[in-house]
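Undergrad: Here you go, target11.cif (mmCIF, C-alpha atoms and all ligand atoms):
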```
data_query
#
loop_
_atom_site.label_atom_id
_atom_site.label_comp_id
_atom_site.auth_asym_id
_atom_site.auth_seq_id
_atom_site.Cartn_x
_atom_site.Cartn_y
_atom_site.Cartn_z
CA MET A 1 0.00 0.00 0.00
CA THR A 2 1.26 3.41 -0.92
CA SER A 3 0.79 6.09 1.63
CA PRO A 4 -1.09 9.21 0.48
CA ALA A 5 1.76 11.38 1.77
CA LEU A 6 4.30 9.63 -0.45
CA ILE A 7 2.02 9.99 -3.47
CA LEU A 8 1.69 13.66 -2.74
CA PHE A 9 5.48 14.06 -2.38
CA SER A 10 6.12 12.13 -5.61
CA SER A 11 3.71 14.25 -7.58
CA PHE A 12 5.42 17.35 -6.17
CA LEU A 13 8.81 16.15 -7.41
CA CYS A 14 7.24 15.26 -10.74
CA HIS A 15 5.87 18.72 -10.97
CA VAL A 16 9.28 20.28 -10.27
CA ALA A 17 10.90 18.03 -12.86
CA ILE A 18 8.42 19.04 -15.45
CA ALA A 19 8.54 22.68 -14.44
CA GLY A 20 12.42 22.88 -14.46
CA ARG A 21 14.95 21.90 -17.15
CA THR A 22 17.50 19.13 -16.74
CA CYS A 23 21.18 19.98 -16.33
CA PRO A 24 23.66 18.64 -18.93
CA LYS A 25 26.75 16.59 -18.26
CA PRO A 26 28.93 18.92 -16.15
CA GLU A 27 32.13 20.47 -17.43
CA ILE A 28 35.13 18.19 -16.94
CA LEU A 29 37.83 20.22 -15.21
CA PRO A 30 41.45 19.20 -15.57
CA PHE A 31 42.61 16.70 -12.93
CA ALA A 32 39.21 16.71 -11.28
CA THR A 33 36.46 14.10 -10.92
CA VAL A 34 32.72 14.55 -10.68
CA VAL A 35 30.48 12.30 -8.62
CA PRO A 36 28.01 11.14 -9.79
CA LEU A 37 28.84 11.59 -13.47
CA LYS A 38 25.79 11.32 -15.75
CA THR A 39 24.60 12.67 -19.09
CA PHE A 40 21.82 14.75 -17.46
CA TYR A 41 20.61 15.68 -14.01
CA ASP A 42 17.20 16.66 -12.72
CA PRO A 43 16.92 19.98 -10.98
CA GLY A 44 17.76 19.52 -7.29
CA GLU A 45 20.30 16.78 -7.96
CA GLN A 46 23.72 17.31 -6.42
CA ILE A 47 27.19 16.73 -7.81
CA VAL A 48 30.54 16.89 -6.04
CA TYR A 49 33.82 17.91 -7.67
CA SER A 50 37.07 16.72 -6.17
CA CYS A 51 40.69 16.72 -7.33
CA GLN A 52 42.25 13.51 -8.52
CA PRO A 53 44.90 11.89 -6.30
CA GLY A 54 48.15 13.83 -6.54
CA TYR A 55 46.32 17.12 -7.13
CA VAL A 56 45.07 19.71 -4.71
CA SER A 57 42.61 22.55 -4.98
CA GLN A 58 42.80 25.84 -3.16
CA GLY A 59 39.14 25.80 -2.14
CA GLY A 60 38.69 22.13 -1.45
CA MET A 61 35.59 20.23 -2.63
CA ARG A 62 32.87 21.94 -4.62
CA ARG A 63 29.24 20.89 -4.34
CA PHE A 64 26.65 22.04 -6.86
CA THR A 65 22.94 21.49 -7.14
CA CYS A 66 21.26 21.38 -10.54
CA PRO A 67 19.14 24.59 -10.60
CA LEU A 68 15.70 24.97 -12.20
CA THR A 69 17.36 26.90 -15.05
CA GLY A 70 19.19 23.71 -16.06
CA MET A 71 22.50 25.54 -16.16
CA TRP A 72 25.38 24.60 -13.85
CA PRO A 73 26.91 27.59 -12.05
CA VAL A 74 30.40 28.69 -13.18
CA ASN A 75 32.96 26.48 -11.52
CA THR A 76 36.27 28.05 -10.44
CA LEU A 77 37.79 24.90 -9.05
CA LYS A 78 41.43 24.52 -9.98
CA CYS A 79 43.32 21.29 -9.34
CA THR A 80 47.08 21.69 -9.28
CA PRO A 81 49.69 18.94 -8.94
CA ARG A 82 51.36 18.38 -5.62
CA VAL A 83 54.99 19.57 -5.56
CA CYS A 84 57.72 17.37 -4.10
CA PRO A 85 60.63 18.90 -2.16
CA PHE A 86 63.33 20.63 -4.25
CA ALA A 87 65.85 18.10 -5.57
CA GLY A 88 67.63 20.03 -8.30
CA ILE A 89 71.17 19.87 -6.93
CA LEU A 90 73.34 16.77 -6.74
CA GLU A 91 76.87 17.39 -5.55
CA HIS A 92 79.45 15.94 -8.00
CA GLY A 93 76.63 15.09 -10.37
CA ALA A 94 73.60 16.39 -12.24
CA VAL A 95 69.81 16.05 -11.96
CA ARG A 96 67.60 15.76 -15.04
CA TYR A 97 64.14 17.15 -14.45
CA THR A 98 61.37 19.27 -15.88
CA THR A 99 59.51 20.05 -12.66
CA PHE A 100 59.33 18.49 -9.22
CA GLU A 101 55.54 18.02 -9.50
CA TYR A 102 53.44 14.89 -9.38
CA PRO A 103 53.62 12.62 -11.40
CA ASN A 104 57.08 13.45 -12.79
CA THR A 105 60.21 11.38 -12.51
CA ILE A 106 63.64 12.95 -12.15
CA SER A 107 66.94 11.19 -12.79
CA PHE A 108 70.47 11.44 -11.50
CA ALA A 109 73.96 10.98 -12.89
CA CYS A 110 77.36 11.49 -11.29
CA ASN A 111 80.45 13.14 -12.72
CA THR A 112 83.32 10.95 -13.91
CA GLY A 113 85.17 9.60 -10.90
CA PHE A 114 82.00 9.39 -8.81
CA TYR A 115 79.35 6.72 -8.57
CA LEU A 116 75.70 6.91 -7.62
CA ASN A 117 75.12 5.64 -4.12
CA GLY A 118 71.36 5.09 -4.29
CA THR A 119 68.74 5.01 -7.01
CA ASN A 120 69.19 6.62 -10.41
CA SER A 121 65.66 8.03 -10.54
CA VAL A 122 62.79 8.95 -8.22
CA LYS A 123 59.12 9.73 -8.86
CA CYS A 124 57.05 12.41 -7.19
CA THR A 125 54.19 10.45 -5.60
CA GLU A 126 50.51 11.33 -5.02
CA GLU A 127 51.44 12.30 -1.50
CA GLY A 128 53.95 14.86 -2.76
CA LYS A 129 56.92 12.82 -1.54
CA TRP A 130 59.81 11.28 -3.48
CA SER A 131 59.33 7.58 -4.09
CA GLN A 132 62.79 6.79 -2.71
CA GLU A 133 65.55 8.42 -0.74
CA LEU A 134 67.59 10.82 -2.90
CA PRO A 135 70.99 9.40 -3.90
CA VAL A 136 74.44 10.91 -3.41
CA CYS A 137 77.55 10.83 -5.60
CA ALA A 138 80.37 9.07 -3.79
CA PRO A 139 83.97 9.14 -5.03
CA VAL A 140 85.27 6.08 -6.87
CA THR A 141 88.22 4.62 -4.98
CA CYS A 142 91.06 2.33 -5.98
CA PRO A 143 92.60 -0.06 -3.47
CA PRO A 144 96.36 0.12 -2.89
CA PRO A 145 98.03 -0.92 -6.16
CA PRO A 146 99.84 -4.24 -6.56
CA VAL A 147 103.61 -3.84 -6.93
CA PRO A 148 105.12 -5.62 -9.96
CA LYS A 149 107.94 -8.11 -9.50
CA PHE A 150 111.40 -6.50 -9.28
CA ALA A 151 109.80 -3.08 -8.71
CA THR A 152 109.27 -0.69 -5.82
CA LEU A 153 106.67 1.99 -5.28
CA SER A 154 108.53 5.28 -5.43
CA VAL A 155 105.60 7.69 -5.24
CA TYR A 156 102.28 6.79 -3.62
CA ASN A 157 99.94 9.10 -1.72
CA PRO A 158 96.58 7.48 -0.98
CA SER A 159 94.16 10.37 -0.62
CA ALA A 160 91.09 8.54 0.70
CA GLY A 161 92.26 6.76 3.82
CA ASN A 162 94.18 3.76 2.57
CA ASN A 163 92.69 4.13 -0.90
CA SER A 164 93.19 6.41 -3.86
CA VAL A 165 90.56 8.35 -5.78
CA TYR A 166 90.06 8.84 -9.49
CA GLN A 167 93.15 10.30 -11.22
CA ASP A 168 95.47 9.72 -8.27
CA THR A 169 98.76 8.29 -9.49
CA ALA A 170 101.48 5.98 -8.25
CA VAL A 171 105.00 5.67 -9.64
CA PHE A 172 107.15 2.56 -9.77
CA GLU A 173 110.89 2.10 -10.04
CA CYS A 174 112.68 -1.05 -11.08
CA LEU A 175 115.33 -2.63 -8.91
CA PRO A 176 118.90 -2.03 -10.07
CA GLN A 177 119.93 -4.04 -13.15
CA HIS A 178 116.30 -4.16 -14.24
CA ALA A 179 114.67 -2.16 -17.01
CA MET A 180 111.06 -1.04 -17.11
CA PHE A 181 108.68 -2.02 -19.88
CA GLY A 182 105.51 0.05 -19.85
CA ASN A 183 104.64 3.29 -18.11
CA ASN A 184 106.26 3.92 -14.72
CA THR A 185 103.15 5.89 -13.70
CA ILE A 186 99.77 4.27 -13.11
CA ALA A 187 96.52 6.11 -12.46
CA CYS A 188 93.33 5.26 -10.56
CA THR A 189 90.59 4.96 -13.20
CA ALA A 190 86.92 5.88 -13.02
CA HIS A 191 86.22 2.11 -12.83
CA GLY A 192 88.04 1.86 -9.50
CA ASN A 193 90.98 -0.08 -10.90
CA TRP A 194 94.48 0.98 -11.87
CA THR A 195 95.82 1.45 -15.39
CA LYS A 196 98.17 -1.22 -16.73
CA LEU A 197 101.13 -2.02 -14.49
CA PRO A 198 104.65 -1.83 -15.95
CA GLU A 199 107.02 -4.79 -15.95
CA CYS A 200 110.58 -4.90 -14.67
CA ARG A 201 112.97 -7.35 -16.34
CA GLU A 202 116.63 -8.08 -15.69
CA VAL A 203 118.72 -6.88 -18.62
CA LYS A 204 122.29 -7.94 -19.44
CA CYS A 205 124.57 -6.50 -22.08
CA PRO A 206 127.56 -8.32 -23.60
CA PHE A 207 131.05 -7.10 -22.68
CA PRO A 208 132.00 -4.41 -25.21
CA SER A 209 134.93 -5.25 -27.47
CA ARG A 210 138.05 -3.12 -27.73
CA PRO A 211 138.13 -0.96 -30.86
CA ASP A 212 141.15 -1.15 -33.20
CA ASN A 213 143.65 1.58 -32.30
CA GLY A 214 141.81 2.34 -29.07
CA PHE A 215 140.51 1.04 -25.77
CA VAL A 216 137.31 0.60 -23.78
CA ASN A 217 136.79 0.67 -20.03
CA TYR A 218 133.88 -0.86 -18.15
CA PRO A 219 133.12 -1.98 -14.61
CA ALA A 220 134.91 -5.10 -13.46
CA LYS A 221 131.88 -7.28 -12.79
CA GLN A 222 130.60 -10.74 -13.55
CA ALA A 223 128.10 -9.33 -15.99
CA LEU A 224 127.10 -5.94 -17.31
CA HIS A 225 123.55 -4.81 -16.78
CA TYR A 226 121.03 -2.17 -17.75
CA LYS A 227 122.40 1.38 -17.20
CA ASP A 228 126.01 0.19 -16.82
CA LYS A 229 128.40 2.40 -18.73
CA ALA A 230 131.52 1.89 -20.83
CA THR A 231 133.96 4.58 -21.98
CA TYR A 232 136.00 4.59 -25.16
CA GLY A 233 139.26 6.24 -26.14
CA CYS A 234 141.67 6.13 -29.10
CA HIS A 235 145.44 5.97 -29.47
CA ASP A 236 147.55 8.64 -31.14
CA ALA A 237 146.56 9.93 -34.55
CA HIS A 238 143.12 8.41 -34.18
CA VAL A 239 139.86 9.96 -33.17
CA LEU A 240 136.69 8.41 -31.80
CA ASP A 241 133.83 8.03 -34.21
CA GLY A 242 130.89 7.99 -31.79
CA PRO A 243 130.29 9.01 -28.17
CA GLU A 244 132.95 8.64 -25.50
CA GLU A 245 130.47 7.01 -23.14
CA VAL A 246 127.91 4.36 -23.99
CA GLU A 247 125.22 2.77 -21.86
CA CYS A 248 123.66 -0.67 -21.64
CA THR A 249 120.12 -0.18 -22.98
CA GLU A 250 116.89 -1.89 -21.99
CA LEU A 251 117.17 -3.92 -25.21
CA GLY A 252 120.35 -5.59 -23.96
CA ASN A 253 122.71 -3.83 -26.38
CA TRP A 254 124.93 -0.79 -26.05
CA SER A 255 123.65 2.65 -26.96
CA ALA A 256 126.44 2.92 -29.59
CA THR A 257 129.53 1.12 -30.86
CA PRO A 258 132.25 3.76 -31.22
CA SER A 259 135.35 3.05 -33.29
CA CYS A 260 138.72 4.73 -33.75
CA LYS A 261 139.39 6.39 -37.07
CA ALA A 262 142.75 7.43 -38.47
CA SER A 263 143.79 11.03 -39.14
CA CYS A 264 144.72 12.12 -42.70
CA LYS A 265 148.22 13.13 -43.79
CA LEU A 266 148.11 15.92 -46.31
CA SER A 267 149.60 15.49 -49.76
CA VAL A 268 149.10 19.19 -50.49
CA LYS A 269 151.91 21.39 -49.19
CA LYS A 270 150.26 24.75 -49.34
CA ALA A 271 146.72 25.91 -49.97
CA THR A 272 144.20 28.46 -48.84
CA VAL A 273 140.97 26.66 -48.00
CA LEU A 274 137.65 27.26 -46.32
CA TYR A 275 137.32 25.58 -42.95
CA GLN A 276 134.11 26.09 -41.01
CA GLY A 277 133.33 29.12 -43.17
CA GLU A 278 136.73 30.80 -42.70
CA ARG A 279 139.75 31.10 -44.96
CA VAL A 280 142.67 29.28 -43.42
CA GLN A 281 146.11 28.11 -44.52
CA LEU A 282 145.83 24.36 -44.81
CA GLN A 283 149.47 23.75 -43.91
CA GLU A 284 149.19 25.78 -40.71
CA LYS A 285 145.73 24.79 -39.55
CA PHE A 286 146.36 21.08 -40.11
CA LYS A 287 150.09 20.84 -39.27
CA ASN A 288 149.44 17.56 -37.46
CA GLY A 289 147.15 16.19 -40.13
CA MET A 290 143.38 16.36 -40.45
CA LEU A 291 141.20 14.46 -38.02
CA HIS A 292 138.67 11.92 -39.18
CA GLY A 293 135.53 13.80 -40.13
CA ASP A 294 137.19 17.19 -40.73
CA LYS A 295 135.94 18.95 -43.86
CA VAL A 296 137.57 21.71 -45.92
CA SER A 297 136.70 23.40 -49.21
CA PHE A 298 139.38 23.88 -51.86
CA PHE A 299 139.34 26.76 -54.36
CA CYS A 300 139.32 25.89 -58.07
CA LYS A 301 139.45 28.08 -61.18
CA ASN A 302 136.96 28.26 -63.97
CA LYS A 303 139.30 29.18 -66.85
CA GLU A 304 136.63 30.27 -69.37
CA LYS A 305 134.84 32.60 -67.01
CA LYS A 306 137.95 33.60 -65.09
CA CYS A 307 136.36 33.04 -61.72
CA SER A 308 136.70 30.66 -58.75
CA TYR A 309 134.48 28.10 -57.08
CA THR A 310 134.96 25.67 -54.20
CA GLU A 311 134.82 21.91 -53.82
CA GLU A 312 134.60 20.09 -50.53
CA ALA A 313 136.88 17.31 -49.27
CA GLN A 314 136.56 15.29 -46.07
CA CYS A 315 139.02 13.18 -44.10
CA ILE A 316 137.53 9.70 -43.78
CA ASP A 317 139.52 7.20 -41.72
CA GLY A 318 142.96 8.31 -42.96
CA THR A 319 142.01 9.17 -46.52
CA ILE A 320 141.12 12.50 -48.07
CA GLU A 321 140.45 12.95 -51.75
CA ILE A 322 141.76 16.26 -52.96
CA PRO A 323 139.33 17.66 -55.57
CA LYS A 324 140.64 17.09 -59.11
CA CYS A 325 140.03 20.70 -60.08
CA PHE A 326 142.41 21.91 -57.39
CA LYS A 327 145.84 22.98 -58.71
CA GLU A 328 148.50 23.53 -56.14
CA HIS A 329 150.04 26.98 -56.61
CA SER A 330 153.66 26.70 -57.50
CA SER A 331 155.82 29.30 -55.77
CA PHE A 332 157.90 29.46 -58.97
CA ALA A 333 154.95 30.55 -61.07
CA PHE A 334 154.68 33.82 -59.15
CA TRP A 335 152.92 35.58 -62.03
CA LYS A 336 149.90 33.30 -61.75
CA THR A 337 147.05 34.23 -59.41
CA ASP A 338 146.02 31.62 -56.87
CA ALA A 339 142.43 30.36 -57.29
CA SER A 340 141.56 31.64 -53.80
CA ASP A 341 142.36 35.18 -54.95
CA VAL A 342 140.16 35.06 -58.04
CA LYS A 343 136.67 36.52 -57.78
CA PRO A 344 134.02 33.92 -57.08
CA CYS A 345 131.82 32.75 -59.94
C1 LIG B 1 75.77 5.03 0.56
O1 LIG B 1 74.53 5.35 1.12
C2 LIG B 1 74.20 4.67 2.29
C3 LIG B 1 72.80 5.02 2.67
O2 LIG B 1 72.59 6.39 2.50
C4 LIG B 1 75.20 5.03 3.39
O3 LIG B 1 74.93 4.29 4.55
C5 LIG B 1 76.58 4.66 2.88
O4 LIG B 1 77.55 5.09 3.83
C6 LIG B 1 76.85 5.35 1.57
N1 LIG B 1 78.13 4.90 1.07
C7 LIG B 1 79.04 5.75 0.63
C8 LIG B 1 80.29 5.15 0.14
O5 LIG B 1 78.85 6.96 0.61
C1 LIG B 2 94.52 1.48 6.69
O1 LIG B 2 95.04 0.16 6.79
C2 LIG B 2 95.54 -0.16 8.06
C3 LIG B 2 96.20 -1.53 7.98
O2 LIG B 2 95.48 -2.41 7.16
C4 LIG B 2 94.37 -0.14 9.08
O3 LIG B 2 94.88 -0.44 10.34
C5 LIG B 2 93.79 1.25 9.06
O4 LIG B 2 92.66 1.27 9.91
C6 LIG B 2 93.36 1.66 7.67
N1 LIG B 2 92.96 3.03 7.67
C7 LIG B 2 91.81 3.43 7.12
C8 LIG B 2 91.52 4.88 7.20
O5 LIG B 2 91.05 2.68 6.54
C1 LIG B 3 102.03 7.40 -18.32
O1 LIG B 3 100.84 7.45 -17.61
C2 LIG B 3 100.51 8.76 -17.16
C3 LIG B 3 99.32 8.66 -16.25
O2 LIG B 3 98.41 7.72 -16.69
C4 LIG B 3 100.23 9.62 -18.39
O3 LIG B 3 99.93 10.93 -17.99
C5 LIG B 3 101.46 9.65 -19.25
O4 LIG B 3 101.20 10.34 -20.44
C6 LIG B 3 101.91 8.23 -19.58
N1 LIG B 3 103.19 8.32 -20.24
C7 LIG B 3 103.45 7.65 -21.35
C8 LIG B 3 104.81 7.80 -21.90
O5 LIG B 3 102.61 6.93 -21.89
C1 LIG B 4 89.23 -1.87 -15.18
O1 LIG B 4 87.88 -2.20 -15.10
C2 LIG B 4 87.17 -2.00 -16.33
C3 LIG B 4 85.69 -2.20 -16.08
O2 LIG B 4 85.48 -3.28 -15.23
C4 LIG B 4 87.74 -2.98 -17.36
O3 LIG B 4 87.07 -2.79 -18.59
C5 LIG B 4 89.21 -2.68 -17.54
O4 LIG B 4 89.79 -3.61 -18.43
C6 LIG B 4 89.95 -2.74 -16.21
N1 LIG B 4 91.29 -2.25 -16.43
C7 LIG B 4 92.38 -2.91 -16.00
C8 LIG B 4 93.70 -2.29 -16.31
O5 LIG B 4 92.30 -3.95 -15.39
C1 LIG B 5 119.58 -2.72 -30.09
O1 LIG B 5 118.83 -3.85 -30.48
C2 LIG B 5 117.59 -3.52 -31.09
C3 LIG B 5 116.82 -4.80 -31.33
O2 LIG B 5 117.65 -5.89 -31.42
C4 LIG B 5 117.88 -2.77 -32.38
O3 LIG B 5 116.65 -2.44 -33.02
C5 LIG B 5 118.63 -1.50 -32.04
O4 LIG B 5 118.95 -0.81 -33.23
C6 LIG B 5 119.88 -1.84 -31.28
N1 LIG B 5 120.48 -0.59 -30.83
C7 LIG B 5 121.71 -0.26 -31.10
C8 LIG B 5 122.19 1.06 -30.60
O5 LIG B 5 122.46 -1.00 -31.73
#
```
I need this file expressed as structure tokens, please.
Ligand SMILES: *[C@@H]1O[C@H](CO)[C@@H](O)[C@H](O)[C@H]1NC(C)=O
Ligand SMILES: *[C@@H]1O[C@H](CO)[C@@H](O)[C@H](O)[C@H]1NC(C)=O
Ligand SMILES: *[C@@H]1O[C@H](CO)[C@@H](O)[C@H](O)[C@H]1NC(C)=O
Ligand SMILES: *[C@@H]1O[C@H](CO)[C@@H](O)[C@H](O)[C@H]1NC(C)=O
Ligand SMILES: *[C@@H]1O[C@H](CO)[C@@H](O)[C@H](O)[C@H]1NC(C)=O

TA:
Amino acid sequence: MTSPALILFSSFLCHVAIAGRTCPKPEILPFATVVPLKTFYDPGEQIVYSCQPGYVSQGGMRRFTCPLTGMWPVNTLKCTPRVCPFAGILEHGAVRYTTFEYPNTISFACNTGFYLNGTNSVKCTEEGKWSQELPVCAPVTCPPPPVPKFATLSVYNPSAGNNSVYQDTAVFECLPQHAMFGNNTIACTAHGNWTKLPECREVKCPFPSRPDNGFVNYPAKQALHYKDKATYGCHDAHVLDGPEEVECTELGNWSATPSCKASCKLSVKKATVLYQGERVQLQEKFKNGMLHGDKVSFFCKNKEKKCSYTEEAQCIDGTIEIPKCFKEHSSFAFWKTDASDVKPC
């Protein structure tokens, strides 16, 4: 049985519905929800706007009732994203971000020589908090370096307690009689290991042999090793071709093999020549002969053009070839001009 009061009430509502217009589907505001959401509402029906999770409004919830005009009132609700705490600075690294708002993710990277202790990205959650603890950039460290066989550490300054940090270096030295192969300096890399270690190997050189017309001195030892030295000298009228001192190299041979070269006796009695750019009297300058390697220029005549030119001659191990064009000036032929006094061509 239906009560008369209810019938009366229902007919009243019916009357209002007929008298008023229905409201349309309400405007969808960004990041907001409407409850209940329908395609039309009868006058008197209520809707509630609220911001979606992760968004907040300044004025809180907004309730509206569908008016008899069938037009929803203007809604000023604004939902804005929650903002997570500032996280734009990472010491010894960089943060990639657009904003710190929900629902963005920001990411982290460390400079070379540092590693990320923690996560490489965090998300700003609905609650306006970072999803995980923010990371830090910690320095990469290298443990104390291993020391190669037959080597010693000559320079080593661990700068992080007992460890080294990126770009720290250590320097090795080989024991005496040993030569180093590779770089004597190693560096702590960004991977936390050291660059390639050098090697130290024992190196022996053969005893040097005595040069003809000379001598060689070296330490009186069982064997000659890397960095040992030998000195050479020559007997009278001979000069050393090569350095006076040689050294046993890392390749197990001597840095040079000097020899003794003979001086040159001069077959020319008298001549003006060029020696190191200066005019000298051959017989005076080289009274005791020319040394191996010495060079002089002789003057020659060009008969057709009546001028002079020079040709070079060098003393090589006791022999000097006098240029064919050179004519020794005879002191009897006093009326002739010496080639060195004729104008140059
Ligand atoms: C890495 O982070 C954890 C937690 O924050 C901390 O306990 C630890 O000491 C850090 N390690 C380094 C090497 O910084
Ligand atoms: C360095 O190493 C020594 C010996 O292993 C140790 O006693 C010392 O505590 C270490 N120092 C640091 C800072 O780690
Ligand atoms: C040896 O290594 C150091 C440090 O890694 C580097 O600076 C240097 O250039 C290297 N020297 C040679 C000869 O390779
Ligand atoms: C150091 O570590 C890196 C990465 O693990 C590796 O590629 C490299 O070969 C290592 N270097 C040396 C000298 O061991
Ligand atoms: C030493 O020996 C190496 C290889 O056997 C050779 O290439 C080099 O020229 C030699 N050095 C000298 C000064 O003879």

Undergrad: Skip range 38-53 of chain A itself and residues of its chain fewer than 3 positions away, then list as a list in words all residues within 7 Å of it, counting only C-alpha atoms.

TA: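 Residues meeting the cut-off are Ala17, Gly20, Arg21, Thr22, Cys23, Pro24, Lys25, Phe31, Ala32, Thr33, Val34, Val35, Val56, Ser57, Met61, Arg62, Arg63, Phe64, Thr65, Cys66, Pro67, Leu68, Gly70, Cys79 and Glu126 of chain A.
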
Undergrad: Suppose you want the space between CA of Pro206 in chain A and CA of Ala179 in chain A; what is it in Å?

TA: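 That distance, rounded to one decimal, is 15.7 Å.
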
Undergrad: So how many Å separate atom N1 of ligand LIG 5 (chain B) and CA of Leu224 in chain A, to one decimal?

TA: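 According to the coordinates, atom N1 of ligand LIG 5 (chain B) and CA of Leu224 in chain A are separated by 16.0 Å.
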
Undergrad: With distances taken over only C-alpha atoms and all ligand atoms, which residue among A:Ala220, A:Cys188, A:Cys325, A:Cys264 lies nearest ligand LIG 3 (chain B)?

TA: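 Closest to ligand LIG 3 (chain B) of all the choices is A:Cys188.
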
Undergrad: When the cut-off is 12 Å and you count all atoms listed in the file, which residues lie near ligand LIG 4 (chain B), shown as a PyMOL selection string?

TA: chain A and resi 140+142+145-146+186-198

Undergrad: One decimal, in Å: what's the spacing between CA of Asp241 in chain A and CA of Asp317 in chain A?

TA: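 The value is 9.5 Å.
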
Undergrad: Could you put an axis-aligned box around every listed atom of ligand LIG 1 (chain B), padded by 3 Å on each side, and send me its centre and edge lengths in Å to one decimal, as lines of an AutoDock Vina configuration file?

TA:
```
center_x = 76.4
center_y = 5.6
center_z = 2.3
size_x = 13.7
size_y = 8.7
size_z = 10.4
```

Undergrad: Considering only C-alpha atoms and all ligand atoms, can you say which of A:Thr231, A:Ser209, A:Asn253, A:Thr112 comes closest to ligand LIG 5 (chain B)?

TA: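 Looking at the shortest contact to ligand LIG 5 (chain B), the residue is A:Asn253.
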